[in-house]
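The file final-v9.csv comes next; it holds CSV, C-alpha atoms.
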```csv
chain,number,residue,atom,x,y,z
A,1,MET,CA,0.0,0.0,0.0
A,2,ASP,CA,1.2,3.5,-0.9
A,3,SER,CA,-0.4,6.7,0.4
A,4,ILE,CA,-0.2,10.4,0.8
A,5,ASP,CA,-2.4,12.1,3.4
A,6,GLU,CA,-5.2,13.1,1.0
A,7,VAL,CA,-5.2,10.0,-1.2
A,8,ILE,CA,-4.7,6.4,-0.3
A,9,ILE,CA,-3.6,4.0,-3.0
A,10,GLU,CA,-3.8,0.2,-2.4
A,11,ARG,CA,-4.7,-3.0,-4.1
A,12,ARG,CA,-7.5,-5.4,-3.3
A,13,GLY,CA,-6.8,-8.6,-5.2
A,14,SER,CA,-6.9,-7.7,-8.9
A,15,ALA,CA,-8.4,-4.3,-8.2
A,16,GLY,CA,-6.4,-1.1,-7.8
A,17,LEU,CA,-8.2,1.0,-5.2
A,18,ILE,CA,-7.9,4.8,-5.0
A,19,ARG,CA,-9.5,6.3,-1.8
A,20,LEU,CA,-10.0,10.1,-1.6
A,21,ASN,CA,-9.1,11.0,2.0
A,22,ARG,CA,-10.3,14.5,2.8
A,23,PRO,CA,-13.6,13.6,4.5
A,24,GLN,CA,-13.6,16.8,6.6
A,25,ALA,CA,-13.6,18.7,3.2
A,26,LEU,CA,-16.1,16.3,1.6
A,27,ASN,CA,-13.1,14.9,-0.3
A,28,SER,CA,-12.7,18.1,-2.4
A,29,LEU,CA,-9.8,17.8,-4.8
A,30,THR,CA,-6.5,19.5,-4.3
A,31,LEU,CA,-3.7,19.6,-6.9
A,32,PRO,CA,-1.6,17.0,-4.9
A,33,MET,CA,-4.7,14.7,-5.0
A,34,ILE,CA,-5.1,15.1,-8.8
A,35,ARG,CA,-1.4,14.3,-9.3
A,36,ALA,CA,-1.6,11.3,-6.9
A,37,ILE,CA,-4.6,9.9,-8.7
A,38,ALA,CA,-3.1,10.5,-12.2
A,39,SER,CA,0.1,8.7,-11.1
A,40,ALA,CA,-1.8,5.8,-9.6
A,41,LEU,CA,-3.8,5.4,-12.8
A,42,ASP,CA,-0.6,5.2,-14.8
A,43,ASP,CA,0.9,2.6,-12.5
A,44,PHE,CA,-2.3,0.5,-12.5
A,45,ALA,CA,-2.6,0.6,-16.2
A,46,ALA,CA,1.0,-0.7,-16.6
A,47,ASP,CA,0.5,-3.5,-14.0
A,48,PRO,CA,-0.7,-6.7,-15.8
A,49,SER,CA,-2.0,-8.2,-12.5
A,50,ILE,CA,-4.5,-5.3,-12.1
A,51,ALA,CA,-7.8,-5.9,-13.9
A,52,CYS,CA,-9.5,-2.7,-13.0
A,53,VAL,CA,-9.4,0.4,-10.9
A,54,ILE,CA,-12.0,1.4,-8.2
A,55,VAL,CA,-12.3,5.0,-6.9
A,56,ARG,CA,-14.2,5.8,-3.7
A,57,GLY,CA,-14.4,8.6,-1.1
A,58,GLU,CA,-13.6,8.2,2.6
A,59,GLY,CA,-16.1,9.2,5.2
A,60,ASP,CA,-19.9,8.8,5.2
A,61,ARG,CA,-20.9,12.1,3.5
A,62,ALA,CA,-19.3,12.4,0.1
A,63,PHE,CA,-17.6,10.8,-2.8
A,64,CYS,CA,-16.2,14.1,-3.9
A,65,ALA,CA,-17.7,17.6,-3.6
A,66,GLY,CA,-15.6,19.1,-6.4
A,67,GLY,CA,-12.4,21.0,-6.8
A,68,ASP,CA,-10.8,23.2,-4.2
A,69,ILE,CA,-12.8,26.3,-5.0
A,70,ARG,CA,-10.9,28.4,-2.3
A,71,LEU,CA,-7.6,27.7,-4.1
A,72,LEU,CA,-9.1,28.9,-7.4
A,73,HIS,CA,-10.6,32.0,-5.7
A,74,GLU,CA,-7.4,32.9,-4.0
A,75,SER,CA,-5.3,32.3,-7.1
A,76,GLY,CA,-7.5,34.6,-9.1
A,77,LYS,CA,-7.3,37.3,-6.4
A,78,ARG,CA,-3.5,37.1,-6.4
A,79,GLY,CA,-3.1,36.8,-10.1
A,80,SER,CA,-1.0,33.6,-9.6
A,81,ALA,CA,-0.8,30.7,-12.0
A,82,ASP,CA,-2.1,28.2,-9.5
A,83,ALA,CA,-5.7,28.2,-10.9
A,84,GLU,CA,-4.5,27.5,-14.4
A,85,THR,CA,-2.2,24.7,-13.3
A,86,PHE,CA,-5.1,23.1,-11.3
A,87,TRP,CA,-7.5,23.3,-14.2
A,88,ARG,CA,-5.0,22.0,-16.8
A,89,GLU,CA,-4.1,19.0,-14.7
A,90,GLU,CA,-7.6,18.3,-13.6
A,91,PHE,CA,-8.9,18.4,-17.1
A,92,ARG,CA,-6.1,16.1,-18.4
A,93,LEU,CA,-7.1,13.7,-15.6
A,94,ASN,CA,-10.7,13.8,-16.7
A,95,HIS,CA,-9.6,13.0,-20.3
A,96,ALA,CA,-7.4,10.1,-19.1
A,97,ILE,CA,-10.3,8.6,-17.1
A,98,ALA,CA,-12.5,8.7,-20.3
A,99,ARG,CA,-9.8,6.9,-22.3
A,100,TYR,CA,-8.6,4.6,-19.5
A,101,PRO,CA,-7.6,1.2,-20.9
A,102,LYS,CA,-9.0,-0.9,-18.0
A,103,PRO,CA,-12.4,-0.8,-16.3
A,104,TYR,CA,-12.7,2.2,-14.1
A,105,VAL,CA,-15.3,1.8,-11.4
A,106,ALA,CA,-16.4,5.0,-9.6
A,107,LEU,CA,-18.4,4.6,-6.4
A,108,MET,CA,-20.5,7.8,-6.3
A,109,ASP,CA,-21.7,7.4,-2.7
A,110,GLY,CA,-23.0,10.6,-1.1
A,111,ILE,CA,-22.2,14.1,-2.4
A,112,THR,CA,-20.8,14.0,-6.0
A,113,MET,CA,-20.5,17.5,-7.4
A,114,GLY,CA,-18.4,19.4,-9.9
A,115,GLY,CA,-15.0,17.9,-10.0
A,116,GLY,CA,-16.5,14.8,-8.4
A,117,VAL,CA,-18.6,14.3,-11.5
A,118,GLY,CA,-15.5,14.7,-13.6
A,119,LEU,CA,-13.8,12.0,-11.5
A,120,SER,CA,-16.6,9.6,-11.9
A,121,SER,CA,-19.0,10.1,-14.8
A,122,HIS,CA,-16.2,9.8,-17.5
A,123,GLY,CA,-15.5,6.3,-16.2
A,124,SER,CA,-16.6,3.1,-17.7
A,125,HIS,CA,-18.5,1.8,-14.7
A,126,ARG,CA,-20.4,4.4,-12.6
A,127,VAL,CA,-22.1,3.3,-9.4
A,128,VAL,CA,-24.6,5.4,-7.5
A,129,THR,CA,-26.3,4.6,-4.2
A,130,GLU,CA,-29.4,5.6,-2.3
A,131,ARG,CA,-27.2,8.4,-0.7
A,132,THR,CA,-26.0,9.9,-4.0
A,133,ARG,CA,-26.6,13.6,-4.4
A,134,LEU,CA,-25.1,14.6,-7.8
A,135,ALA,CA,-24.9,18.1,-9.2
A,136,MET,CA,-23.1,20.6,-11.3
A,137,PRO,CA,-23.9,23.6,-9.1
A,138,GLU,CA,-21.7,26.2,-10.7
A,139,THR,CA,-24.2,28.7,-11.9
A,140,GLY,CA,-24.9,29.4,-8.3
A,141,ILE,CA,-21.3,30.5,-7.7
A,142,GLY,CA,-20.8,32.6,-10.8
A,143,TYR,CA,-19.0,29.8,-12.6
A,144,PHE,CA,-20.1,27.2,-15.2
A,145,PRO,CA,-20.1,23.4,-15.5
A,146,ASP,CA,-16.6,22.3,-16.4
A,147,VAL,CA,-14.5,19.0,-16.0
A,148,GLY,CA,-16.0,17.9,-19.3
A,149,ALA,CA,-19.6,18.5,-18.2
A,150,THR,CA,-20.2,20.4,-21.5
A,151,TRP,CA,-19.6,17.0,-23.2
A,152,LEU,CA,-21.6,14.9,-20.8
A,153,LEU,CA,-24.6,17.0,-20.1
A,154,PRO,CA,-25.6,17.5,-23.8
A,155,ARG,CA,-25.6,13.7,-24.2
A,156,ALA,CA,-28.3,13.2,-21.5
A,157,PRO,CA,-31.7,12.4,-22.9
A,158,GLY,CA,-33.5,15.4,-24.3
A,159,GLU,CA,-32.8,18.6,-22.3
A,160,ALA,CA,-32.1,16.9,-19.0
A,161,GLY,CA,-28.5,18.1,-19.2
A,162,THR,CA,-29.6,21.6,-19.9
A,163,TRP,CA,-31.8,21.5,-16.8
A,164,MET,CA,-28.9,20.3,-14.7
A,165,GLY,CA,-26.5,22.8,-16.0
A,166,LEU,CA,-28.8,25.9,-15.6
A,167,THR,CA,-30.4,25.0,-12.3
A,168,GLY,CA,-27.4,23.4,-10.6
A,169,LEU,CA,-29.8,21.4,-8.5
A,170,ALA,CA,-28.8,18.1,-7.0
A,171,ILE,CA,-30.3,14.9,-8.4
A,172,HIS,CA,-30.6,11.4,-6.9
A,173,ALA,CA,-29.5,8.0,-8.1
A,174,ALA,CA,-32.4,7.4,-10.5
A,175,ASP,CA,-31.9,10.8,-12.1
A,176,ALA,CA,-28.2,10.2,-12.5
A,177,ILE,CA,-28.9,7.0,-14.3
A,178,HIS,CA,-31.5,8.6,-16.5
A,179,ALA,CA,-29.1,11.4,-17.3
A,180,ARG,CA,-26.5,8.8,-18.4
A,181,LEU,CA,-24.1,10.0,-15.7
A,182,ALA,CA,-24.3,6.6,-13.9
A,183,ASP,CA,-25.0,3.0,-14.7
A,184,HIS,CA,-26.1,1.1,-11.7
A,185,CYS,CA,-27.4,1.6,-8.2
A,186,VAL,CA,-25.9,-0.4,-5.3
A,187,ALA,CA,-26.8,-0.1,-1.7
A,188,SER,CA,-24.3,2.0,0.2
A,189,SER,CA,-23.9,-0.8,2.8
A,190,ASP,CA,-22.8,-3.2,0.1
A,191,LEU,CA,-20.0,-1.1,-1.4
A,192,SER,CA,-17.2,-2.8,0.6
A,193,ALA,CA,-18.5,-6.2,-0.5
A,194,LEU,CA,-18.6,-5.0,-4.0
A,195,ILE,CA,-15.0,-3.9,-3.8
A,196,GLU,CA,-14.0,-7.4,-2.5
A,197,ALA,CA,-16.1,-9.1,-5.2
A,198,ILE,CA,-14.5,-7.1,-8.0
A,199,GLY,CA,-11.0,-7.6,-6.5
A,200,ALA,CA,-11.7,-11.4,-6.5
A,201,LEU,CA,-11.9,-11.4,-10.3
A,202,PRO,CA,-8.8,-12.8,-12.1
A,203,GLY,CA,-6.2,-10.4,-13.4
A,204,SER,CA,-7.4,-11.2,-16.9
A,205,ALA,CA,-11.0,-10.1,-16.1
A,206,SER,CA,-12.8,-8.2,-18.9
A,207,PRO,CA,-15.0,-5.2,-18.6
A,208,ASP,CA,-18.0,-7.5,-19.0
A,209,ASP,CA,-16.8,-9.5,-16.0
A,210,VAL,CA,-16.7,-6.3,-13.9
A,211,HIS,CA,-20.1,-5.3,-15.2
A,212,GLY,CA,-21.5,-8.7,-14.3
A,213,VAL,CA,-20.3,-8.3,-10.7
A,214,ILE,CA,-21.8,-4.8,-10.3
A,215,ALA,CA,-25.1,-5.8,-12.0
A,216,GLY,CA,-25.4,-8.8,-9.7
A,217,MET,CA,-25.4,-6.5,-6.7
A,218,ALA,CA,-27.5,-3.7,-8.2
A,219,ILE,CA,-30.8,-2.6,-6.7
A,220,SER,CA,-33.6,-0.5,-8.0
A,221,ALA,CA,-32.8,3.2,-8.1
A,222,GLY,CA,-36.5,4.1,-7.8
A,223,GLU,CA,-38.3,6.7,-9.9
A,224,SER,CA,-36.5,9.4,-11.8
A,225,ARG,CA,-37.9,12.9,-11.3
A,226,LEU,CA,-36.2,14.0,-14.5
A,227,ALA,CA,-37.8,11.2,-16.5
A,228,ALA,CA,-41.2,11.9,-15.0
A,229,ASN,CA,-40.9,15.5,-16.2
A,230,ARG,CA,-39.1,14.9,-19.4
A,231,ASP,CA,-41.8,16.2,-21.7
A,232,MET,CA,-41.9,19.6,-20.0
A,233,ILE,CA,-38.1,19.8,-19.7
A,234,ASP,CA,-37.7,19.0,-23.4
A,235,ARG,CA,-40.3,21.6,-24.4
A,236,ALA,CA,-39.2,24.5,-22.1
A,237,LEU,CA,-35.4,24.0,-22.2
A,238,ALA,CA,-34.9,23.5,-25.9
A,239,TYR,CA,-34.3,27.2,-26.6
A,240,ASP,CA,-30.9,28.7,-27.2
A,241,LEU,CA,-31.5,31.8,-25.2
A,242,VAL,CA,-32.0,31.8,-21.4
A,243,GLU,CA,-34.7,34.4,-21.7
A,244,ASP,CA,-36.7,32.2,-24.0
A,245,ILE,CA,-36.3,29.3,-21.6
A,246,GLN,CA,-37.6,31.4,-18.8
A,247,GLU,CA,-40.6,32.5,-20.9
A,248,ALA,CA,-41.4,28.9,-21.8
A,249,LEU,CA,-41.2,27.8,-18.2
A,250,ALA,CA,-43.6,30.5,-17.2
A,251,ARG,CA,-46.1,29.1,-19.6
A,252,GLU,CA,-45.9,25.6,-18.2
A,253,ALA,CA,-48.2,24.3,-15.4
A,254,GLY,CA,-47.0,22.4,-12.4
A,255,ASP,CA,-44.7,22.7,-9.4
A,256,PHE,CA,-41.6,21.3,-11.2
A,257,ALA,CA,-41.7,24.1,-13.9
A,258,ALA,CA,-42.3,26.7,-11.3
A,259,GLU,CA,-39.4,25.5,-9.1
A,260,THR,CA,-37.1,25.4,-12.2
A,261,LEU,CA,-38.0,29.0,-13.1
A,262,GLN,CA,-37.6,30.2,-9.6
A,263,ILE,CA,-34.1,28.6,-9.2
A,264,ILE,CA,-32.8,29.8,-12.5
A,265,GLY,CA,-33.9,33.3,-11.4
A,266,THR,CA,-31.4,33.1,-8.5
A,267,ARG,CA,-28.4,32.1,-10.6
A,268,SER,CA,-25.7,34.4,-12.0
A,269,PRO,CA,-27.1,35.9,-15.2
A,270,THR,CA,-23.6,35.8,-16.8
A,271,SER,CA,-23.1,32.2,-15.7
A,272,LEU,CA,-26.5,31.2,-17.1
A,273,LYS,CA,-25.8,32.7,-20.6
A,274,LEU,CA,-22.3,31.3,-20.6
A,275,THR,CA,-23.4,27.8,-19.5
A,276,LEU,CA,-26.1,27.6,-22.2
A,277,ARG,CA,-23.7,28.7,-24.9
A,278,LEU,CA,-21.1,26.1,-23.7
A,279,LEU,CA,-23.7,23.3,-23.6
A,280,ARG,CA,-24.9,24.0,-27.1
A,281,ALA,CA,-21.3,24.1,-28.3
A,282,GLY,CA,-20.7,20.8,-26.5
A,283,ARG,CA,-23.6,19.2,-28.3
A,284,ASN,CA,-22.0,19.9,-31.6
A,285,SER,CA,-18.5,19.0,-30.6
A,286,ALA,CA,-16.6,16.0,-32.0
A,287,ASN,CA,-15.1,14.8,-28.7
A,288,LEU,CA,-14.4,15.3,-25.0
A,289,ALA,CA,-11.0,16.9,-25.7
A,290,GLU,CA,-12.6,19.7,-27.8
A,291,CYS,CA,-15.0,20.5,-24.9
A,292,LEU,CA,-12.3,20.4,-22.2
A,293,ASP,CA,-10.1,22.8,-24.3
A,294,ARG,CA,-13.1,25.2,-24.7
A,295,GLU,CA,-13.8,25.0,-21.0
A,296,LEU,CA,-10.2,25.8,-20.1
A,297,GLY,CA,-10.4,29.0,-22.2
A,298,ALA,CA,-13.6,30.0,-20.3
A,299,CYS,CA,-11.9,29.2,-17.0
A,300,MET,CA,-9.1,31.6,-17.8
A,301,ARG,CA,-11.7,34.3,-18.5
A,302,ILE,CA,-13.8,33.5,-15.4
A,303,LEU,CA,-10.9,34.8,-13.2
A,304,TYR,CA,-11.8,38.3,-14.5
A,305,ASN,CA,-15.5,37.9,-13.9
A,306,PRO,CA,-16.8,39.6,-10.7
A,307,ASP,CA,-19.6,37.1,-10.3
A,308,PHE,CA,-17.1,34.3,-9.6
A,309,TYR,CA,-15.6,36.1,-6.6
A,310,GLU,CA,-19.0,37.2,-5.4
A,311,GLY,CA,-20.5,33.7,-5.8
A,312,VAL,CA,-17.6,32.0,-3.9
A,313,ARG,CA,-17.8,34.7,-1.2
A,314,ALA,CA,-21.5,34.1,-0.7
A,315,ALA,CA,-21.4,30.3,-0.8
A,316,VAL,CA,-18.0,29.4,0.7
A,317,ILE,CA,-16.4,32.3,2.6
A,318,ASP,CA,-19.1,34.4,4.2
A,319,LYS,CA,-21.8,31.7,3.6
A,320,ASP,CA,-24.6,34.3,3.6
A,321,ARG,CA,-26.1,32.6,0.5
A,322,ASN,CA,-27.0,36.1,-0.8
A,323,PRO,CA,-24.8,36.9,-3.8
A,324,LYS,CA,-25.1,40.3,-5.6
A,325,TRP,CA,-24.6,39.5,-9.2
A,326,SER,CA,-23.1,42.0,-11.7
A,327,PRO,CA,-24.8,42.4,-14.1
A,328,ALA,CA,-27.9,41.7,-12.1
A,329,SER,CA,-30.2,40.8,-14.9
A,330,LEU,CA,-30.0,38.7,-18.2
A,331,ALA,CA,-30.9,41.8,-20.2
A,332,GLU,CA,-27.8,43.5,-19.0
A,333,VAL,CA,-25.4,40.7,-20.1
A,334,GLU,CA,-24.1,41.7,-23.5
A,335,ASP,CA,-23.4,39.1,-26.1
A,336,ALA,CA,-19.9,40.5,-26.5
A,337,ALA,CA,-19.2,39.8,-22.8
A,338,ILE,CA,-20.0,36.1,-23.4
A,339,ASP,CA,-18.0,36.0,-26.6
A,340,ARG,CA,-14.9,36.8,-24.6
A,341,PHE,CA,-15.1,33.5,-22.8
A,342,PHE,CA,-14.6,31.6,-26.0
A,343,VAL,CA,-11.0,32.6,-26.7
A,344,PRO,CA,-9.0,29.4,-26.9
A,345,PRO,CA,-6.4,28.8,-24.2
A,346,GLN,CA,-2.7,29.2,-25.0
A,347,PRO,CA,-1.2,26.7,-25.2
A,348,PRO,CA,-4.1,24.4,-26.0
A,349,LEU,CA,-4.9,21.7,-23.6
A,350,PHE,CA,-4.7,19.0,-26.3
A,351,ALA,CA,-3.3,18.9,-29.8
A,352,MET,CA,-6.3,19.0,-32.0
```
Would you give me this structure, written as structure tokens?
Amino acid sequence: MDSIDEVIIERRGSAGLIRLNRPQALNSLTLPMIRAIASALDDFAADPSIACVIVRGEGDRAFCAGGDIRLLHESGKRGSADAETFWREEFRLNHAIARYPKPYVALMDGITMGGGVGLSSHGSHRVVTERTRLAMPETGIGYFPDVGATWLLPRAPGEAGTWMGLTGLAIHAADAIHARLADHCVASSDLSALIEAIGALPGSASPDDVHGVIAGMAISAGESRLAANRDMIDRALAYDLVEDIQEALAREAGDFAAETLQIIGTRSPTSLKLTLRLLRAGRNSANLAECLDRELGACMRILYNPDFYEGVRAAVIDKDRNPKWSPASLAEVEDAAIDRFFVPPQPPLFAM
């Protein structure tokens, strides 16, 4: 077994196990954690006795609540390169997970948000539990869904990904499976047994073998709220302007539409417009790398956006949950202001 304080690397039979070990911080990712995970994945990929990799979070509250938002906030304030370094290495890790040559099993137990989605939903075998609370909550902090979410969310059925990206609301296991961000639901109390069962597979085990073990322990995820409201979601969120989406939601009957409209009205107007543009661009993109590169360009611009600092202040620093967005309304957000987020990063994240 090898370990650093924040990540524990070990093997269980033929499985390489990566344990995120910041439970007091909901296993939020730091740069040393990203580097430790990337290094472990390289080592496990090269080890012929390892059949698959399993990633889980320590503690009983979260798989991973996202990236270290305080680091990004402080780096932007100082004008240091720390934020760019973090994003570049995190996004490369997301891409590596999506292309990993062995089965990659993510146990998304508890809070799974932002960077936690990037660490899990790009994997080949995504397991949720009855405790999963998954979200891309970035529009509530003056940011936008990143870590390849602009590739993942547009590939959810209908406009479910648009709903997730704009509202930032948390979804449960059944919704995560409906949105194609997860594959199976396993009881939280059975995860340790699942790890042992996967680790008992031979080193030559195939992805189908791993799938069979997970499917054999899977339980019903229950009813999906997103699936139940799909017709309304697809009607109201199909537009390419946030203002049109709001008008469409206002025409819809029912509590779900009203809640969606109310929540969107609390989010950063700049973030809403940027998020919708990025999701639509992601829908037409050729691959994940193209989306990650576009996201990195937007990340570099977000450091000059006052809503990012105000959103983090209200949510993480002062915790008053009362951000004052600037501009304060969608009408005040100029198209040219959003265009500036689409300048490609230099150097590019990937060779296109």
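Each of A:Ala193, A:Ile18, A:Leu237, A:Ala40 was compared to Leu279 in chain A using all atoms listed in the file, and A:Leu237 turns out to be the nearest.
You can rank A:Ala96, A:Val7, A:Leu17, A:Leu272 by their closest distance to Ile50 in chain A using all atoms listed in the file, and at the top of that list sits A:Leu17.
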(-15.3, 26.9, -20.7) in this file's frame - what residues fall within 9 Å of it? Use all atoms listed in the file and give the answer as a PDB file with C-alpha atoms, in the frame of the given file.
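This is the output file out.pdb:
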```pdb
ATOM      1  CA  PHE A 144     -20.100  27.200 -15.200  1.00  0.00           C
ATOM      2  CA  PRO A 145     -20.100  23.400 -15.500  1.00  0.00           C
ATOM      3  CA  ASP A 146     -16.600  22.300 -16.400  1.00  0.00           C
ATOM      4  CA  THR A 150     -20.200  20.400 -21.500  1.00  0.00           C
ATOM      5  CA  LEU A 274     -22.300  31.300 -20.600  1.00  0.00           C
ATOM      6  CA  THR A 275     -23.400  27.800 -19.500  1.00  0.00           C
ATOM      7  CA  LEU A 278     -21.100  26.100 -23.700  1.00  0.00           C
ATOM      8  CA  CYS A 291     -15.000  20.500 -24.900  1.00  0.00           C
ATOM      9  CA  LEU A 292     -12.300  20.400 -22.200  1.00  0.00           C
ATOM     10  CA  ASP A 293     -10.100  22.800 -24.300  1.00  0.00           C
ATOM     11  CA  ARG A 294     -13.100  25.200 -24.700  1.00  0.00           C
ATOM     12  CA  GLU A 295     -13.800  25.000 -21.000  1.00  0.00           C
ATOM     13  CA  LEU A 296     -10.200  25.800 -20.100  1.00  0.00           C
ATOM     14  CA  GLY A 297     -10.400  29.000 -22.200  1.00  0.00           C
ATOM     15  CA  ALA A 298     -13.600  30.000 -20.300  1.00  0.00           C
ATOM     16  CA  CYS A 299     -11.900  29.200 -17.000  1.00  0.00           C
ATOM     17  CA  MET A 300      -9.100  31.600 -17.800  1.00  0.00           C
ATOM     18  CA  ARG A 301     -11.700  34.300 -18.500  1.00  0.00           C
ATOM     19  CA  ILE A 302     -13.800  33.500 -15.400  1.00  0.00           C
ATOM     20  CA  PHE A 341     -15.100  33.500 -22.800  1.00  0.00           C
ATOM     21  CA  PHE A 342     -14.600  31.600 -26.000  1.00  0.00           C
TER      22      PHE A 342
END
```
Suppose you want the space between CA of Arg19 in chain A and CA of Ile198 in chain A; what is it in Å? 15.6 Å
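CA of Met217 in chain A sits 28.9 Å away from CA of Leu29 in chain A.
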Between CA of Glu159 in chain A and CA of Tyr309 in chain A, what distance in Å does the model show, to one decimal? 29.1 Å
Range 45-49 of chain A surroundings by only C-alpha atoms, 10 Å radius, close-in-sequence under 5 positions cut, as a ChimeraX atom specification: /A:13-16,39-40,100-103,202-205
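If you measure from each of A:Ala174, A:Val127, A:Ala135, A:Leu303 to Gly76 in chain A using all atoms listed in the file, the closest one turns out to be A:Leu303.
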Rebuild range 119-132 of chain A to N, CA, C and O atoms - output it as a JSON list (two decimals), in the coordinates of the input, please.
```json
[["chain", "number", "residue", "atom", "x", "y", "z"],
["A", 119, "LEU", "N", -14.55, 13.16, -11.97],
["A", 119, "LEU", "CA", -13.80, 12.00, -11.50],
["A", 119, "LEU", "C", -14.53, 10.71, -11.65],
["A", 119, "LEU", "O", -13.93, 9.65, -11.55],
["A", 120, "SER", "N", -15.83, 10.78, -11.87],
["A", 120, "SER", "CA", -16.60, 9.60, -11.90],
["A", 120, "SER", "C", -17.36, 9.33, -13.21],
["A", 120, "SER", "O", -17.26, 8.24, -13.78],
["A", 121, "SER", "N", -18.08, 10.32, -13.71],
["A", 121, "SER", "CA", -19.00, 10.10, -14.80],
["A", 121, "SER", "C", -18.27, 9.88, -16.16],
["A", 121, "SER", "O", -18.91, 9.46, -17.14],
["A", 122, "HIS", "N", -16.97, 10.16, -16.25],
["A", 122, "HIS", "CA", -16.20, 9.80, -17.50],
["A", 122, "HIS", "C", -15.74, 8.37, -17.43],
["A", 122, "HIS", "O", -15.19, 7.88, -18.42],
["A", 123, "GLY", "N", -15.93, 7.68, -16.30],
["A", 123, "GLY", "CA", -15.50, 6.30, -16.20],
["A", 123, "GLY", "C", -16.33, 5.31, -16.90],
["A", 123, "GLY", "O", -17.45, 5.62, -17.34],
["A", 124, "SER", "N", -15.85, 4.09, -16.98],
["A", 124, "SER", "CA", -16.60, 3.10, -17.70],
["A", 124, "SER", "C", -17.68, 2.40, -16.90],
["A", 124, "SER", "O", -18.64, 1.88, -17.45],
["A", 125, "HIS", "N", -17.55, 2.40, -15.56],
["A", 125, "HIS", "CA", -18.50, 1.80, -14.70],
["A", 125, "HIS", "C", -18.85, 2.73, -13.54],
["A", 125, "HIS", "O", -18.04, 2.90, -12.63],
["A", 126, "ARG", "N", -20.03, 3.36, -13.58],
["A", 126, "ARG", "CA", -20.40, 4.40, -12.60],
["A", 126, "ARG", "C", -21.49, 3.89, -11.71],
["A", 126, "ARG", "O", -22.58, 3.58, -12.17],
["A", 127, "VAL", "N", -21.20, 3.82, -10.41],
["A", 127, "VAL", "CA", -22.10, 3.30, -9.40],
["A", 127, "VAL", "C", -22.64, 4.35, -8.51],
["A", 127, "VAL", "O", -21.85, 5.08, -7.90],
["A", 128, "VAL", "N", -23.95, 4.48, -8.42],
["A", 128, "VAL", "CA", -24.60, 5.40, -7.50],
["A", 128, "VAL", "C", -25.22, 4.59, -6.35],
["A", 128, "VAL", "O", -25.37, 3.37, -6.46],
["A", 129, "THR", "N", -25.61, 5.26, -5.29],
["A", 129, "THR", "CA", -26.30, 4.60, -4.20],
["A", 129, "THR", "C", -27.50, 5.41, -3.76],
["A", 129, "THR", "O", -27.77, 6.48, -4.31],
["A", 130, "GLU", "N", -28.20, 4.90, -2.76],
["A", 130, "GLU", "CA", -29.40, 5.60, -2.30],
["A", 130, "GLU", "C", -28.99, 6.95, -1.61],
["A", 130, "GLU", "O", -29.85, 7.80, -1.37],
["A", 131, "ARG", "N", -27.71, 7.15, -1.35],
["A", 131, "ARG", "CA", -27.20, 8.40, -0.70],
["A", 131, "ARG", "C", -26.66, 9.38, -1.72],
["A", 131, "ARG", "O", -26.26, 10.48, -1.33],
["A", 132, "THR", "N", -26.60, 9.03, -2.98],
["A", 132, "THR", "CA", -26.00, 9.90, -4.00],
["A", 132, "THR", "C", -26.76, 11.22, -4.12],
["A", 132, "THR", "O", -27.99, 11.22, -4.24]]
```
